[in-house]
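The block underneath contains the structure these notes are about, expressed in structure tokens.
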Amino acid sequence: MEADAMAMTQPTATTGGGGPSNGAMAMALESFDISLVDANAAGSIPNQYEENVDHLRKLFSQNNLVSFSIAHIACSAGSSSGDNYMSVVKRVTISKANDEEEQQQQQQKQQKKQQHQQQDQVLASSEKVTVIIKRQIPSLSRRQLYRCEEAFSNEINVYRHLVPVLRRYSQHQLFPLCHIADTHDQGESGEPIIVLQDLKSLGFRMQNRLAGLELRHCLLVMKKLAQLHAASLAAQQLESLHFAEKCGHMSEIVYCQQAADFYSHILDTSVQQALDSLHSSNADGSLTAPIRLIQQLQPKLFEQLQRQINAAAESPLSVVCHGDLWVNNIMFRSQPEEAIFFDLQAMRRTSPVFDILHFIYTSTRRQLRDVHTDTMLAAYAEALARELGHQLRHTPAAKELAGLCETFSLQRLSAEYVRQVHYGLAICMWILPAVTFDPNNLPNLDVISELNRNGKEIKYTLKLTPEYHLRIRELAMEFYEHGYLEEMQAKL
């Protein structure tokens with residue numbers, strides 16, 4: 001999520017080195033069977049992926065998650081090292097228990113078969129279901145510093161209140177199905193919990209964030225993003241009061257007054273590390289002008305983003321935005337060809353162009369943007385008009401359809417894209433360390449949080465990768481050559 005990536009770009013507490021850390025919690029990948037874990041055993045070793053099996057059985061039964069008796073529950077990491085920083089993500093495998101008749105039949109067969117045949121039949125008769133469980137990170141100081149509790153609470157509220165409304169106005173699956181989203185899991189700890197459909201079991205896979213997405217993937221994202229925004233607009237048109245009440249359950253977790261000091265500091269350090277990188281790459285003087293213009297933008301950049309994102313939220317034509325749409329929060333499958341979004345912690349209501357800019361400048365390379373930005377915007381506008389037509393044509397809001405399509409036409413969308421393009425610059429400088437990080441060099445954010453409770457005295461410590469320096473140079477030259485930097489400076 002946005003705050004995930006922002007946590008990753010958070011510089012660490014120790015001094016020295018040439019750049020901020022790629023702060024992420026490295027996740028162990030070993031699986032273990034929690035049906036064998038005695039939560040009360042003396043001397044047991046805490047494990048961030050451990051769950052109380054008896055409590056899970058009860059929880060799953062109460063919520064009708066499975067219709068069979070559970071034999072075993074095994075838990076493993078639900079994401080790779082460096083892919084998640086604001087919560088603990090677990091993949092839970094639920095194995096079906098054989099009923100008594102099946103067990104008797106199996107015993108009879110085992111008497112007649114060889115050992116290897118017996119083993120084959122046991123495996124063949126087993127049934128398994130996998131789900132994803134999200135929990136809050138254990139470190140209280142880290143929760144406080146990175147506003148993890150606020151982010152987790154926002155995601156719970158989105159799944160409970162907003163996603164059901166959006167589903168009514170979309171014929172497409174926008175997010176993983178949510179089985180459970182609760183601020184209290186009814187267990188002894190009373191911790192919040194989110195239980196989601198395992199997209200991997202449906203054939204969805206993540207793409208390589210370092211490579212940058214190809215055009216075909218980008219067009220799938222633009223189509224899915226248009227479906228999300230169209231569902232929001234349709235709900236606004238057809239049940240505005242109810243929709244407004246549901247949107248009221250969302251909370252801004254980044255561009256709000258409570259978080260402004262912390263995140264403005266993080267953005268400022270991200271911009272400064274980008275400037276330091278550009279200075280080191282400026283032997284030929286070609287970056288002198290871009291550096292100067294970015295330096296002039298730096299002092300008020302967060303304030304400008306905060307003002308414009310929140311102002312757009314007040315518009316009657318605002319939409320529910322994902323809020324953190326980058327390659328790490330999108331999965332794809334080829335049959336049928338489709339994209340799907342997840343990690344809804346930063347979901348907010350604002351202009352749709354912020355979702356578009358966020359995705360394009362965090363998940364693509366300059367070569368693709370130079371050639372295909374217009375293609376991507378056109379794909380979005382076409383899909384949005386098509387979805388709005390499907391949802392509104394035979395409703396009382398049909399008379400508003402032409403006006404909505406004009407408001408979100410390609411011409412107006414392109415103009416708004418350029419007007420808000422500084423968001424693309426800022427979010428790229430902010431998140432690029434998370435895109436290009438070295439997975440073998442991940443610091444411990446829990447330790448960092450303990451040493452820096454207010455987040456104000458953090459220093460760079462890890463060397464940024466060559467890929468980071470290359471992309472920052474590409475970004476600066478792109479904005480300079482397109483005239484964006486000078487236009488942005490003129491608006492200040």
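Letters A, B, ... mark the chains of the structure tokens in the order given; residue numbers begin at 1 per chain; ligand numbers begin at 1, in order shown.
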
Taking only residues of segment 323-389 of chain A that have an atom at most 7 Å from an atom of segment 424-427 of chain A, what is each one's shortest atom pair and its distance in Å to one decimal, using only C-alpha atoms, in chain and number order, as JSON lines?
```
{"residue": "A:Leu357", "atom": "CA", "partner": "A:Gly424", "partner_atom": "CA", "distance": 5.2}
{"residue": "A:His358", "atom": "CA", "partner": "A:Gly424", "partner_atom": "CA", "distance": 6.0}
{"residue": "A:Tyr361", "atom": "CA", "partner": "A:Gly424", "partner_atom": "CA", "distance": 5.5}
```

Counting only C-alpha atoms, which residues of segment 230-271 of chain A fall within 10 Å of segment 143-153 of chain A, and what is the closest atom pair for each with its distance in Å at one decimal, ordered by chain and rising number, as a tab-separated table?
```
residue	atom	partner	partner_atom	distance
A:His249	CA	A:Ser153	CA	9.8
A:Met250	CA	A:Ser153	CA	9.0
A:Ser251	CA	A:Glu150	CA	8.1
A:Glu252	CA	A:Ala151	CA	8.7
A:Ile253	CA	A:Ala151	CA	6.2
A:Val254	CA	A:Arg147	CA	8.9
A:Gln258	CA	A:Arg147	CA	9.7
A:Ala259	CA	A:Arg147	CA	8.0
A:Phe262	CA	A:Leu145	CA	8.4
A:Tyr263	CA	A:Tyr146	CA	9.1
```

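The interatomic distance for the pair atom CA of Lys246 of chain A and atom CA of Met347 of chain A works out to 12.7 Å.
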
So which one's closest to Lys463 of chain A, A:Thr130, A:Gln273, A:Gln391, A:Ser69? Using only C-alpha atoms, please.
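Nearest candidate to Lys463 of chain A out of A:Thr130, A:Gln273, A:Gln391, A:Ser69: A:Gln273.
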
Near-Leu325 of chain A list (10 Å; only C-alpha atoms; drop same-chain fewer than 2 positions) as a PyMOL selection string:
chain A and resi 1-2+221+225+321-323+327-330+341-344+346-347+354-360+362-363

Test item: residues at most 10 Å from Val165 of chain A, only C-alpha atoms, excluding those fewer than 5 positions along its chain, as JSON, numbers by chain:
{"A": [159, 160, 170, 231, 232, 235, 239, 242, 243, 246, 247]}

Would you save the residues of that selection, restricted to N, CA and C atoms, as a PDB file, in the first residue's frame?
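Result went into out.pdb, see below:
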```pdb
ATOM      1  N   TYR A 159     -13.718  -2.768   3.532  1.00  0.00           N
ATOM      2  CA  TYR A 159     -14.285  -4.075   3.194  1.00  0.00           C
ATOM      3  C   TYR A 159     -15.683  -4.260   3.781  1.00  0.00           C
ATOM      4  N   ARG A 160     -15.922  -3.722   4.951  1.00  0.00           N
ATOM      5  CA  ARG A 160     -17.220  -3.917   5.596  1.00  0.00           C
ATOM      6  C   ARG A 160     -18.313  -3.023   4.998  1.00  0.00           C
ATOM      7  N   SER A 170     -20.927  -3.075 -10.214  1.00  0.00           N
ATOM      8  CA  SER A 170     -19.911  -3.549 -11.144  1.00  0.00           C
ATOM      9  C   SER A 170     -20.200  -5.005 -11.486  1.00  0.00           C
ATOM     10  N   ALA A 231     -18.129   2.243 -10.929  1.00  0.00           N
ATOM     11  CA  ALA A 231     -18.991   1.734  -9.865  1.00  0.00           C
ATOM     12  C   ALA A 231     -19.245   2.815  -8.821  1.00  0.00           C
ATOM     13  N   SER A 232     -18.208   3.577  -8.511  1.00  0.00           N
ATOM     14  CA  SER A 232     -18.337   4.681  -7.560  1.00  0.00           C
ATOM     15  C   SER A 232     -19.296   5.750  -8.085  1.00  0.00           C
ATOM     16  N   ALA A 235     -22.941   4.453  -8.055  1.00  0.00           N
ATOM     17  CA  ALA A 235     -23.494   4.461  -6.698  1.00  0.00           C
ATOM     18  C   ALA A 235     -23.842   5.880  -6.272  1.00  0.00           C
ATOM     19  N   GLU A 239     -27.788   6.097  -5.476  1.00  0.00           N
ATOM     20  CA  GLU A 239     -28.116   6.082  -4.045  1.00  0.00           C
ATOM     21  C   GLU A 239     -27.146   6.995  -3.307  1.00  0.00           C
ATOM     22  N   HIS A 242     -27.020   7.089   0.723  1.00  0.00           N
ATOM     23  CA  HIS A 242     -26.483   5.839   1.267  1.00  0.00           C
ATOM     24  C   HIS A 242     -24.992   5.721   0.948  1.00  0.00           C
ATOM     25  N   PHE A 243     -24.629   6.073  -0.275  1.00  0.00           N
ATOM     26  CA  PHE A 243     -23.228   5.992  -0.673  1.00  0.00           C
ATOM     27  C   PHE A 243     -22.375   6.962   0.132  1.00  0.00           C
ATOM     28  N   LYS A 246     -21.722   5.489   3.512  1.00  0.00           N
ATOM     29  CA  LYS A 246     -20.716   4.428   3.477  1.00  0.00           C
ATOM     30  C   LYS A 246     -19.320   5.015   3.291  1.00  0.00           C
ATOM     31  N   CYS A 247     -19.204   6.039   2.443  1.00  0.00           N
ATOM     32  CA  CYS A 247     -17.903   6.682   2.247  1.00  0.00           C
ATOM     33  C   CYS A 247     -17.414   7.340   3.543  1.00  0.00           C
TER      34      CYS A 247
END
```

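Of note, atom CA of Glu303 of chain A and atom CA of Glu487 of chain A are spaced 17.6 Å apart.
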
Please return as an MDAnalysis selection string: the residues of segment 325-354 of chain A that backbone DSSP assigns to strand (DSSP E).
chainID A and resid 330:334 337:341 348:350

Could those selected residues go to a file with C-alpha atoms, as a CSV table (one decimal), in the first residue's frame?
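This went into out_23.csv:
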```csv
chain,number,residue,atom,x,y,z
A,330,ILE,CA,-2.0,-5.6,-8.4
A,331,MET,CA,-2.2,-9.3,-9.6
A,332,PHE,CA,-2.8,-10.6,-13.1
A,333,ARG,CA,-3.9,-13.8,-14.8
A,334,SER,CA,-3.9,-14.8,-18.4
A,337,GLU,CA,-6.9,-12.1,-19.0
A,338,GLU,CA,-7.6,-9.9,-16.1
A,339,ALA,CA,-6.2,-7.6,-13.4
A,340,ILE,CA,-7.4,-7.4,-9.8
A,341,PHE,CA,-6.5,-4.9,-7.0
A,348,ARG,CA,-9.9,7.5,-0.3
A,349,ARG,CA,-12.4,9.6,-2.2
A,350,THR,CA,-10.8,12.1,-4.6
```

Can you list every residue in segment 156-238 of chain A that DSSP puts in helix (DSSP H, G or I), as a compact mmCIF listing (two decimals) with N, CA, C and O atoms, in the first residue's frame?
```
# COMPACT_ATOMS: atom_id res chain seq x y z
N ILE A 156 -10.37 -2.40 7.08
CA ILE A 156 -11.52 -3.13 7.62
C ILE A 156 -12.82 -2.40 7.27
O ILE A 156 -13.79 -3.00 6.79
N ASN A 157 -12.85 -1.09 7.48
CA ASN A 157 -14.06 -0.33 7.19
C ASN A 157 -14.40 -0.34 5.71
O ASN A 157 -15.58 -0.39 5.33
N VAL A 158 -13.38 -0.29 4.86
CA VAL A 158 -13.61 -0.34 3.41
C VAL A 158 -14.26 -1.67 3.02
O VAL A 158 -15.24 -1.69 2.27
N TYR A 159 -13.72 -2.77 3.53
CA TYR A 159 -14.29 -4.07 3.19
C TYR A 159 -15.68 -4.26 3.78
O TYR A 159 -16.55 -4.88 3.16
N ARG A 160 -15.92 -3.72 4.95
CA ARG A 160 -17.22 -3.92 5.60
C ARG A 160 -18.31 -3.02 5.00
O ARG A 160 -19.46 -3.46 4.84
N HIS A 161 -17.98 -1.79 4.69
CA HIS A 161 -19.00 -0.81 4.34
C HIS A 161 -19.02 -0.43 2.85
O HIS A 161 -20.10 -0.24 2.29
N LEU A 162 -17.87 -0.28 2.25
CA LEU A 162 -17.82 0.30 0.92
C LEU A 162 -17.78 -0.73 -0.20
O LEU A 162 -18.45 -0.58 -1.23
N VAL A 163 -16.98 -1.77 -0.02
CA VAL A 163 -16.84 -2.78 -1.07
C VAL A 163 -18.18 -3.41 -1.44
O VAL A 163 -18.46 -3.61 -2.63
N PRO A 164 -19.07 -3.73 -0.48
CA PRO A 164 -20.37 -4.29 -0.87
C PRO A 164 -21.18 -3.36 -1.79
O PRO A 164 -21.86 -3.84 -2.70
N VAL A 165 -21.08 -2.05 -1.57
CA VAL A 165 -21.79 -1.11 -2.44
C VAL A 165 -21.17 -1.11 -3.84
O VAL A 165 -21.87 -1.14 -4.85
N LEU A 166 -19.85 -1.06 -3.90
CA LEU A 166 -19.17 -1.05 -5.20
C LEU A 166 -19.47 -2.33 -5.98
O LEU A 166 -19.59 -2.30 -7.21
N ARG A 167 -19.56 -3.45 -5.29
CA ARG A 167 -19.85 -4.72 -5.97
C ARG A 167 -21.22 -4.69 -6.64
O ARG A 167 -21.43 -5.31 -7.68
N ARG A 168 -22.18 -3.98 -6.03
CA ARG A 168 -23.52 -3.92 -6.61
C ARG A 168 -23.52 -3.18 -7.95
O ARG A 168 -24.41 -3.40 -8.78
N LEU A 199 -6.03 -15.12 -4.03
CA LEU A 199 -6.04 -14.90 -5.48
C LEU A 199 -5.08 -15.83 -6.21
O LEU A 199 -5.31 -16.20 -7.37
N LYS A 200 -4.03 -16.24 -5.54
CA LYS A 200 -3.07 -17.14 -6.18
C LYS A 200 -3.73 -18.46 -6.56
O LYS A 200 -3.41 -19.05 -7.60
N SER A 201 -4.66 -18.93 -5.75
CA SER A 201 -5.34 -20.19 -6.05
C SER A 201 -6.25 -20.07 -7.26
O SER A 201 -6.67 -21.08 -7.83
N LEU A 202 -6.55 -18.84 -7.68
CA LEU A 202 -7.40 -18.62 -8.86
C LEU A 202 -6.57 -18.34 -10.10
O LEU A 202 -7.12 -18.01 -11.16
N LEU A 215 2.73 -2.91 -21.88
CA LEU A 215 1.51 -2.19 -22.26
C LEU A 215 0.27 -3.05 -22.03
O LEU A 215 -0.75 -2.55 -21.54
N ARG A 216 0.33 -4.34 -22.37
CA ARG A 216 -0.87 -5.18 -22.21
C ARG A 216 -1.31 -5.25 -20.76
O ARG A 216 -2.52 -5.26 -20.46
N HIS A 217 -0.37 -5.28 -19.83
CA HIS A 217 -0.73 -5.26 -18.42
C HIS A 217 -1.30 -3.90 -18.03
O HIS A 217 -2.27 -3.82 -17.26
N CYS A 218 -0.72 -2.83 -18.55
CA CYS A 218 -1.19 -1.48 -18.23
C CYS A 218 -2.62 -1.28 -18.71
O CYS A 218 -3.43 -0.64 -18.02
N LEU A 219 -2.94 -1.80 -19.87
CA LEU A 219 -4.29 -1.64 -20.39
C LEU A 219 -5.30 -2.42 -19.54
O LEU A 219 -6.44 -1.97 -19.34
N LEU A 220 -4.90 -3.57 -19.03
CA LEU A 220 -5.77 -4.30 -18.11
C LEU A 220 -6.02 -3.50 -16.84
O LEU A 220 -7.15 -3.48 -16.30
N VAL A 221 -4.98 -2.84 -16.34
CA VAL A 221 -5.13 -2.02 -15.13
C VAL A 221 -6.03 -0.82 -15.41
O VAL A 221 -6.91 -0.48 -14.60
N MET A 222 -5.84 -0.16 -16.56
CA MET A 222 -6.69 0.98 -16.89
C MET A 222 -8.15 0.56 -16.99
O MET A 222 -9.05 1.28 -16.53
N LYS A 223 -8.40 -0.59 -17.56
CA LYS A 223 -9.77 -1.10 -17.68
C LYS A 223 -10.35 -1.37 -16.30
O LYS A 223 -11.50 -1.00 -16.01
N LYS A 224 -9.60 -2.04 -15.46
CA LYS A 224 -10.09 -2.36 -14.12
C LYS A 224 -10.28 -1.09 -13.29
O LYS A 224 -11.25 -0.98 -12.52
N LEU A 225 -9.38 -0.14 -13.44
CA LEU A 225 -9.50 1.12 -12.70
C LEU A 225 -10.75 1.87 -13.13
O LEU A 225 -11.47 2.44 -12.30
N ALA A 226 -11.04 1.86 -14.43
CA ALA A 226 -12.26 2.49 -14.92
C ALA A 226 -13.49 1.79 -14.35
O ALA A 226 -14.49 2.45 -14.01
N GLN A 227 -13.44 0.48 -14.20
CA GLN A 227 -14.57 -0.25 -13.63
C GLN A 227 -14.79 0.14 -12.17
O GLN A 227 -15.93 0.30 -11.72
N LEU A 228 -13.71 0.31 -11.43
CA LEU A 228 -13.81 0.74 -10.04
C LEU A 228 -14.43 2.13 -9.95
O LEU A 228 -15.37 2.38 -9.19
N HIS A 229 -13.89 3.06 -10.72
CA HIS A 229 -14.37 4.44 -10.66
C HIS A 229 -15.81 4.55 -11.18
O HIS A 229 -16.60 5.35 -10.66
N ALA A 230 -16.16 3.77 -12.20
CA ALA A 230 -17.52 3.79 -12.72
C ALA A 230 -18.51 3.27 -11.67
O ALA A 230 -19.63 3.80 -11.54
N ALA A 231 -18.13 2.24 -10.93
CA ALA A 231 -18.99 1.73 -9.86
C ALA A 231 -19.25 2.82 -8.82
O ALA A 231 -20.36 2.96 -8.31
N SER A 232 -18.21 3.58 -8.51
CA SER A 232 -18.34 4.68 -7.56
C SER A 232 -19.30 5.75 -8.08
O SER A 232 -20.18 6.22 -7.36
N LEU A 233 -19.13 6.13 -9.35
CA LEU A 233 -20.00 7.15 -9.94
C LEU A 233 -21.45 6.67 -10.02
O LEU A 233 -22.39 7.43 -9.79
N ALA A 234 -21.64 5.40 -10.36
CA ALA A 234 -23.00 4.86 -10.45
C ALA A 234 -23.67 4.85 -9.08
O ALA A 234 -24.85 5.21 -8.94
N ALA A 235 -22.94 4.45 -8.06
CA ALA A 235 -23.49 4.46 -6.70
C ALA A 235 -23.84 5.88 -6.27
O ALA A 235 -24.88 6.11 -5.63
N GLN A 236 -23.00 6.83 -6.63
CA GLN A 236 -23.25 8.23 -6.30
C GLN A 236 -24.52 8.72 -6.98
O GLN A 236 -25.33 9.46 -6.40
N GLN A 237 -24.75 8.29 -8.21
CA GLN A 237 -25.93 8.73 -8.95
C GLN A 237 -27.21 8.07 -8.46
O GLN A 237 -28.26 8.71 -8.40
N LEU A 238 -27.14 6.81 -8.11
CA LEU A 238 -28.36 6.03 -7.85
C LEU A 238 -28.75 5.93 -6.38
O LEU A 238 -29.90 5.64 -6.07
```

Residue contacts of Lys96 of chain A (10 Å, only C-alpha atoms) excluding same-chain residues fewer than 4 positions away, as a PyMOL selection string
chain A and resi 66-73+125-129

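Here atom CA of Arg205 of chain A and atom CA of Ser79 of chain A stand 11.5 Å from one another.
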
Give me, as a PyMOL selection string, all polymer residues having an atom no more than 10 Å from Gln272 of chain A, counting only C-alpha atoms and skipping those fewer than 3 positions away in the same chain.
chain A and resi 19+266-269+275-278+294-295+298+429
